[in-house]
Structure formats: C-alpha cells, structure tokens
Amino acid sequence: MKYIFWKKPYFLGLIICVLISPFLSSHHYYAANKLLPIYCVNTNGEKLVSITFDAAWGADDTEQLIATLEKYNVKATFFIVGDWIRKYPDAVKKFVASGHEIANHSDKHPHVNNMSKEAVKKDIMAAHQVIKEVAGKETNLYRPPYGEYNNTVIEAAKECNYHVIQWDVDSLDWKEYGLQPLIDRVLNHKNLRPGSIILLHNDSKYTAQALDTILKGILEKGYRIVTISELVITNQPYNIDYEGRQHKLNP
C-alpha cells in the first residue's frame with residue numbers, strides 16, 4: 001500500500017501543496033490546483049465575526065435593517081448587485097450614510113461559472129463603477145452570485161484587484177423556514193466561531209424581524225461584529241487552508 005500511495009500523482013501533488021502552502025503569497029492551491037475564496041478568517045482567538053447581506057431583490061426593509069444595526073452599534077457589509085444599485089440608489093446612500101460597508105456582488109447576478117474570464121471581469125468592473133458613482137466609494141471585496149466560483153472566477157476577480165468573499169455561517173433566510181428557525185440556525189450554527197462570516201439577505205421574509213435577536217445573541221456570546229474589511233487580511237500576504245480559512249503569513 002505504501003508503494004502505491006507514493007506512486008499516485010494525486011497524493012504526491014497534495015502533499016507537495018501542503019508542504020509549500022506557508023510560502024504562497026495569496027490564494028492557496030490544493031489538489032487539482034483548485035483556488036479557494038475566503039470563507040472565514042483566523043483571528044488568533046479574537047472573537048470577531050462579520051455580518052453580511054446580499055442585496056439583489058427588493059429594498060422594503062432598508063430602514064428597519066439600518067435601525068436595528070444602529071441599535072446595537074453594528075456595522076455590516078452589504079454585497080450589492082449593480083442592477084440593484086441602479087434601481088435603489090437611495091437605499092445604497094442610506095447604508096453608506098449609516099456607516100455600513102458596500103461591496104461588489106456582480107453587476108447582473110449571472111452564473112459566473114459559465115462565463116469566460118473576460119466576461120466575469122467585465123461584470124465585476126461594471127458593478128465597481130456603479131458602486132463608485134452612487135456610493136462614492138471603491139471596493140475590493142467581491143462575492144460571486146449563487147456562491148459559485150471556479151479558478152477562472154477567482155483569477156478574474158484577482159486581476160480586478162478583488163478578494164473573493166464567501167461565508168461559513170449560512171442563515172438560509174431565503175428559504176423562509178420561519179422566524180425562530182432562522183434565529184436558531186445562525187446562533188447555534190456549528191461553524192459560528194472567531195473569524196466567521198455570516199450570510200443574510202435583505203428583503204427576505206423573516207430577516208429584518210430576526211436581526212434584532214440575532215445581533216443580541218451574537219453579542220451575548222462575547223463576539224464583536226466588524227465589517228469584512230476589518231475582518232479579512234487584504235494588505236499583506238496570506239494563504240487559505242482546506243476549509244477556506246484565511247491565515248496571515250509571517251514576514
């Protein structure tokens with residue numbers, strides 16, 4: 001068995017990738033050369049998490065979300081689709097005025113895994129431009145629609161100077177299971193830990209109503225809620241391990 005193990009290219013490649021991973025300056029390669037986005041962050045035990053909202057549908061709960069976040073002095077990151085910005089520019093401006101972070105969730109919410117690198121880059125930069133025009137800010141954070149990604153998507157984002165952000169705590173709020181199931185899923189999620197990125201959606205049936213209890217529960221667990229820019233490592237070398245956790249590389 002030992003002879004067979006070492007002769008198989010797959011296993012040999014995997015071991016090589018693990019051994020050299022501390023020396024990689026950005027995205028972490030694994031078996032089959034698969035690139036990974038950032039799902040969560042190694043905070044060295046500091047109890048930081050991020051609340052993120054994907055904005056691609058309506059905007060009826062904008063005021064309620066802002067009021068609840070303000071109640072707990074929490075700043076969230078809103079990943080916003082370009083077409084949504086064009087439809088609801090006033091909502092975007094309200095998020096910005098309240099101190100929340102605006103990030104890129106594509107321009108047309110396409111299935112990016114089916115697109116060429118140039119098409120993905122064009123879509124990212126179209127959203128980038130409308131964010132700059134409406135929010136008055138530039139961003140380097142990108143969340144692909146539907147959570148889809150492959151090497152082409154991550155390479156396209158990197159060439160646009162973007163970091164690809166996923167999540168490790170999925171509320172599944174869009175499935176509309178109910179108010180209490182939504183609250184329980186977030187607060188009791190098996191992945192909720194220092195460095196977690198929590199996914200919610202604006203304009204979902206129960207999200208705005210559940211947000212108060214969710215924020216209160218997270219804070220009572222001793223976490224501090226920060227924006228994605230405050231949580232992730234963007235200004236120095238890092239790698240990403242097999243579960244998508246980002247680690248700062250020592251100089």
# chains A, B, ... in the order shown; residues from 1 in each chain; ligands from 1

$ residues_around --residues "segment 147-159 of chain A" --least-positions-apart "5" --cutoff "6 Å" --atoms "only C-alpha atoms" --output "PyMOL selection string"
chain A and resi 35+113+117+121

$ write_last_selection --atoms "N, CA and C atoms" --output "PDB file, in the first residue's frame"
ATOM      1  N   LEU A  35      -8.412  26.792  -6.636  1.00  0.00           N
ATOM      2  CA  LEU A  35      -8.304  28.015  -5.857  1.00  0.00           C
ATOM      3  C   LEU A  35      -9.534  28.169  -4.977  1.00  0.00           C
ATOM      4  N   ASN A 113     -19.831  30.732 -13.257  1.00  0.00           N
ATOM      5  CA  ASN A 113     -19.082  29.532 -13.630  1.00  0.00           C
ATOM      6  C   ASN A 113     -19.220  29.198 -15.110  1.00  0.00           C
ATOM      7  N   LYS A 117     -13.245  34.358 -18.507  1.00  0.00           N
ATOM      8  CA  LYS A 117     -12.588  35.267 -17.571  1.00  0.00           C
ATOM      9  C   LYS A 117     -12.879  36.719 -17.934  1.00  0.00           C
ATOM     10  N   LYS A 121     -14.733  39.531 -15.584  1.00  0.00           N
ATOM     11  CA  LYS A 121     -14.080  40.800 -15.265  1.00  0.00           C
ATOM     12  C   LYS A 121     -14.940  41.986 -15.694  1.00  0.00           C
TER      13      LYS A 121
END

$ residues_around --residues "Asp54 of chain A" --least-positions-apart "4" --cutoff "12 Å" --atoms "only C-alpha atoms" --output "ChimeraX atom specification"
/A:58-59,76-82,84,101-106,109,142-147,165-167,170-174,198-204,207

$ write_last_selection --atoms "N, CA and C atoms" --output "tab-separated table (two decimals), in the first residue's frame"
chain	number	residue	atom	x	y	z
A	58	GLY	N	-35.55	43.19	-3.46
A	58	GLY	CA	-36.20	44.46	-3.15
A	58	GLY	C	-35.42	45.27	-2.13
A	59	ALA	N	-36.09	46.32	-1.61
A	59	ALA	CA	-35.43	47.20	-0.64
A	59	ALA	C	-36.39	47.66	0.45
A	76	ALA	N	-22.42	46.58	9.20
A	76	ALA	CA	-22.48	45.38	8.37
A	76	ALA	C	-21.86	45.66	7.01
A	77	THR	N	-21.64	44.59	6.25
A	77	THR	CA	-21.17	44.70	4.87
A	77	THR	C	-22.28	44.25	3.94
A	78	PHE	N	-22.65	45.12	3.00
A	78	PHE	CA	-23.70	44.82	2.04
A	78	PHE	C	-23.08	44.53	0.68
A	79	PHE	N	-23.20	43.28	0.23
A	79	PHE	CA	-22.74	42.90	-1.10
A	79	PHE	C	-23.90	43.16	-2.07
A	80	ILE	N	-23.70	44.14	-2.96
A	80	ILE	CA	-24.81	44.69	-3.72
A	80	ILE	C	-24.60	44.48	-5.22
A	81	VAL	N	-25.67	44.05	-5.88
A	81	VAL	CA	-25.67	43.84	-7.33
A	81	VAL	C	-25.81	45.19	-8.03
A	82	GLY	N	-25.09	45.38	-9.13
A	82	GLY	CA	-25.13	46.64	-9.86
A	82	GLY	C	-26.53	47.04	-10.27
A	84	TRP	N	-29.26	46.28	-8.82
A	84	TRP	CA	-29.99	46.67	-7.61
A	84	TRP	C	-29.65	48.11	-7.24
A	101	GLU	N	-20.64	49.12	5.11
A	101	GLU	CA	-19.71	48.89	4.02
A	101	GLU	C	-20.46	48.36	2.80
A	102	ILE	N	-20.10	48.88	1.63
A	102	ILE	CA	-20.69	48.44	0.38
A	102	ILE	C	-19.65	47.62	-0.37
A	103	ALA	N	-20.04	46.44	-0.86
A	103	ALA	CA	-19.14	45.56	-1.59
A	103	ALA	C	-19.84	45.05	-2.85
A	104	ASN	N	-19.08	44.38	-3.68
A	104	ASN	CA	-19.49	44.01	-5.04
A	104	ASN	C	-20.08	42.60	-5.07
A	105	HIS	N	-21.30	42.50	-5.58
A	105	HIS	CA	-21.97	41.20	-5.73
A	105	HIS	C	-22.32	40.93	-7.20
A	106	SER	N	-21.50	41.48	-8.10
A	106	SER	CA	-21.67	41.37	-9.56
A	106	SER	C	-22.56	42.49	-10.07
A	109	HIS	N	-25.85	39.66	-11.66
A	109	HIS	CA	-26.13	38.42	-10.92
A	109	HIS	C	-26.16	37.20	-11.85
A	142	TYR	N	-15.48	41.07	-3.33
A	142	TYR	CA	-16.40	40.53	-4.33
A	142	TYR	C	-16.98	39.21	-3.84
A	143	ARG	N	-18.30	39.09	-3.94
A	143	ARG	CA	-18.97	37.82	-3.66
A	143	ARG	C	-19.69	37.36	-4.92
A	144	PRO	N	-19.29	36.25	-5.50
A	144	PRO	CA	-19.94	35.78	-6.73
A	144	PRO	C	-21.40	35.41	-6.48
A	145	PRO	N	-22.27	35.64	-7.44
A	145	PRO	CA	-23.67	35.24	-7.29
A	145	PRO	C	-23.82	33.73	-7.09
A	146	TYR	N	-24.82	33.37	-6.31
A	146	TYR	CA	-25.16	31.97	-6.04
A	146	TYR	C	-24.05	31.22	-5.31
A	147	GLY	N	-23.03	31.91	-4.86
A	147	GLY	CA	-21.90	31.25	-4.22
A	147	GLY	C	-21.04	30.45	-5.18
A	165	ILE	N	-15.01	36.75	-1.43
A	165	ILE	CA	-15.51	36.50	-0.08
A	165	ILE	C	-16.73	35.59	-0.13
A	166	GLN	N	-16.68	34.49	0.58
A	166	GLN	CA	-17.83	33.60	0.75
A	166	GLN	C	-18.37	33.76	2.17
A	167	TRP	N	-18.71	32.66	2.82
A	167	TRP	CA	-19.24	32.67	4.17
A	167	TRP	C	-19.10	31.27	4.75
A	170	ASP	N	-24.25	30.08	7.03
A	170	ASP	CA	-25.31	30.38	6.06
A	170	ASP	C	-26.65	30.35	6.78
A	171	SER	N	-27.34	31.49	6.81
A	171	SER	CA	-28.62	31.58	7.51
A	171	SER	C	-29.74	30.86	6.77
A	172	LEU	N	-29.57	30.67	5.46
A	172	LEU	CA	-30.64	30.11	4.62
A	172	LEU	C	-31.94	30.90	4.75
A	173	ASP	N	-31.80	32.19	5.02
A	173	ASP	CA	-33.01	33.00	5.23
A	173	ASP	C	-33.90	33.05	4.00
A	174	TRP	N	-33.32	32.92	2.82
A	174	TRP	CA	-34.10	32.98	1.58
A	174	TRP	C	-35.04	31.79	1.42
A	198	ILE	N	-21.00	35.66	8.32
A	198	ILE	CA	-22.41	35.25	8.37
A	198	ILE	C	-23.14	35.81	7.17
A	199	LEU	N	-23.89	34.95	6.49
A	199	LEU	CA	-24.63	35.35	5.29
A	199	LEU	C	-26.11	35.54	5.59
A	200	LEU	N	-26.60	36.75	5.29
A	200	LEU	CA	-28.02	37.07	5.32
A	200	LEU	C	-28.39	37.74	3.99
A	201	HIS	N	-29.67	37.93	3.77
A	201	HIS	CA	-30.15	38.64	2.58
A	201	HIS	C	-31.12	39.72	3.00
A	202	ASN	N	-31.00	40.88	2.39
A	202	ASN	CA	-32.02	41.88	2.64
A	202	ASN	C	-33.31	41.48	1.92
A	203	ASP	N	-34.41	42.03	2.34
A	203	ASP	CA	-35.70	41.82	1.71
A	203	ASP	C	-36.14	40.35	1.71
A	204	SER	N	-35.60	39.55	2.63
A	204	SER	CA	-36.13	38.20	2.84
A	204	SER	C	-37.27	38.28	3.86
A	207	THR	N	-35.91	38.08	7.72
A	207	THR	CA	-34.57	38.53	8.11
A	207	THR	C	-34.59	39.80	8.94

$ closest_residue --among "A:Asn239, A:Asn161, A:Asn42, A:Gln209" --to "Gln180 of chain A" --atoms "only C-alpha atoms"
A:Gln209

$ residues_around --residues "Ala97 of chain A" --least-positions-apart "6" --cutoff "12 Å" --atoms "only C-alpha atoms" --output "ChimeraX atom specification"
/A:66,70,75,90-91,134-137

$ write_last_selection --atoms "C-alpha atoms" --output "PDB file, in the first residue's frame"
ATOM      1  CA  ILE A  66     -30.449  50.235   9.448  1.00  0.00           C
ATOM      2  CA  GLU A  70     -27.804  51.131  14.775  1.00  0.00           C
ATOM      3  CA  LYS A  75     -21.672  47.973  11.022  1.00  0.00           C
ATOM      4  CA  ASP A  90     -31.348  55.904  -2.289  1.00  0.00           C
ATOM      5  CA  ALA A  91     -31.110  52.671  -0.266  1.00  0.00           C
ATOM      6  CA  VAL A 134     -23.652  56.000  -6.314  1.00  0.00           C
ATOM      7  CA  ALA A 135     -21.866  55.180  -3.050  1.00  0.00           C
ATOM      8  CA  GLY A 136     -18.901  57.458  -3.676  1.00  0.00           C
ATOM      9  CA  LYS A 137     -16.571  54.625  -2.667  1.00  0.00           C
TER      10      LYS A 137
END

$ residues_around --residues "segment 212-222 of chain A" --least-positions-apart "6" --cutoff "8 Å" --atoms "only C-alpha atoms" --output "list in words"
Lys47, Thr68, Leu69, Tyr72, Ile183, Val186 and Leu187 of chain A

$ write_last_selection --atoms "N, CA and C atoms" --output "PDB file, in the first residue's frame"
ATOM      1  N   LYS A  47     -12.436  37.272  19.258  1.00  0.00           N
ATOM      2  CA  LYS A  47     -13.820  36.928  18.933  1.00  0.00           C
ATOM      3  C   LYS A  47     -14.454  37.992  18.030  1.00  0.00           C
ATOM      4  N   THR A  68     -32.070  48.615  13.240  1.00  0.00           N
ATOM      5  CA  THR A  68     -31.664  47.514  14.127  1.00  0.00           C
ATOM      6  C   THR A  68     -30.150  47.469  14.275  1.00  0.00           C
ATOM      7  N   LEU A  69     -29.437  47.625  13.185  1.00  0.00           N
ATOM      8  CA  LEU A  69     -27.978  47.655  13.254  1.00  0.00           C
ATOM      9  C   LEU A  69     -27.502  48.823  14.111  1.00  0.00           C
ATOM     10  N   TYR A  72     -27.627  48.324  17.978  1.00  0.00           N
ATOM     11  CA  TYR A  72     -26.523  47.578  18.593  1.00  0.00           C
ATOM     12  C   TYR A  72     -25.155  48.136  18.191  1.00  0.00           C
ATOM     13  N   ILE A 183     -33.377  32.333  13.361  1.00  0.00           N
ATOM     14  CA  ILE A 183     -32.589  32.767  14.519  1.00  0.00           C
ATOM     15  C   ILE A 183     -31.738  31.618  15.051  1.00  0.00           C
ATOM     16  N   VAL A 186     -28.628  30.584  12.862  1.00  0.00           N
ATOM     17  CA  VAL A 186     -27.450  31.451  12.964  1.00  0.00           C
ATOM     18  C   VAL A 186     -26.776  31.296  14.323  1.00  0.00           C
ATOM     19  N   LEU A 187     -27.544  31.429  15.398  1.00  0.00           N
ATOM     20  CA  LEU A 187     -26.937  31.448  16.734  1.00  0.00           C
ATOM     21  C   LEU A 187     -26.392  30.096  17.165  1.00  0.00           C
TER      22      LEU A 187
END

$ select_by_dssp --residues "segment 2-251 of chain A" --states "helix (DSSP H, G or I)" --output "ChimeraX atom specification"
/A:2-7,9-23,31-33,62-71,82-87,89-97,112-114,117-135,145-147,151-159,173-175,179-187,207-220,228-231

$ select_by_dssp --residues "segment 21-149 of chain A" --states "strand (DSSP E)" --output "list in words"
Cys40, Val41, Leu48, Val49, Ser50, Ile51, Thr52, Phe53, Asp54, Ala55, Thr77, Phe78, Phe79, Ile80, Glu101, Ile102, Ala103, Asn104, Leu141 and Tyr142 of chain A

$ atom_distance --atom1 "atom CA of Gln236 of chain A" --atom2 "atom CA of Asn191 of chain A"
25.7 Å
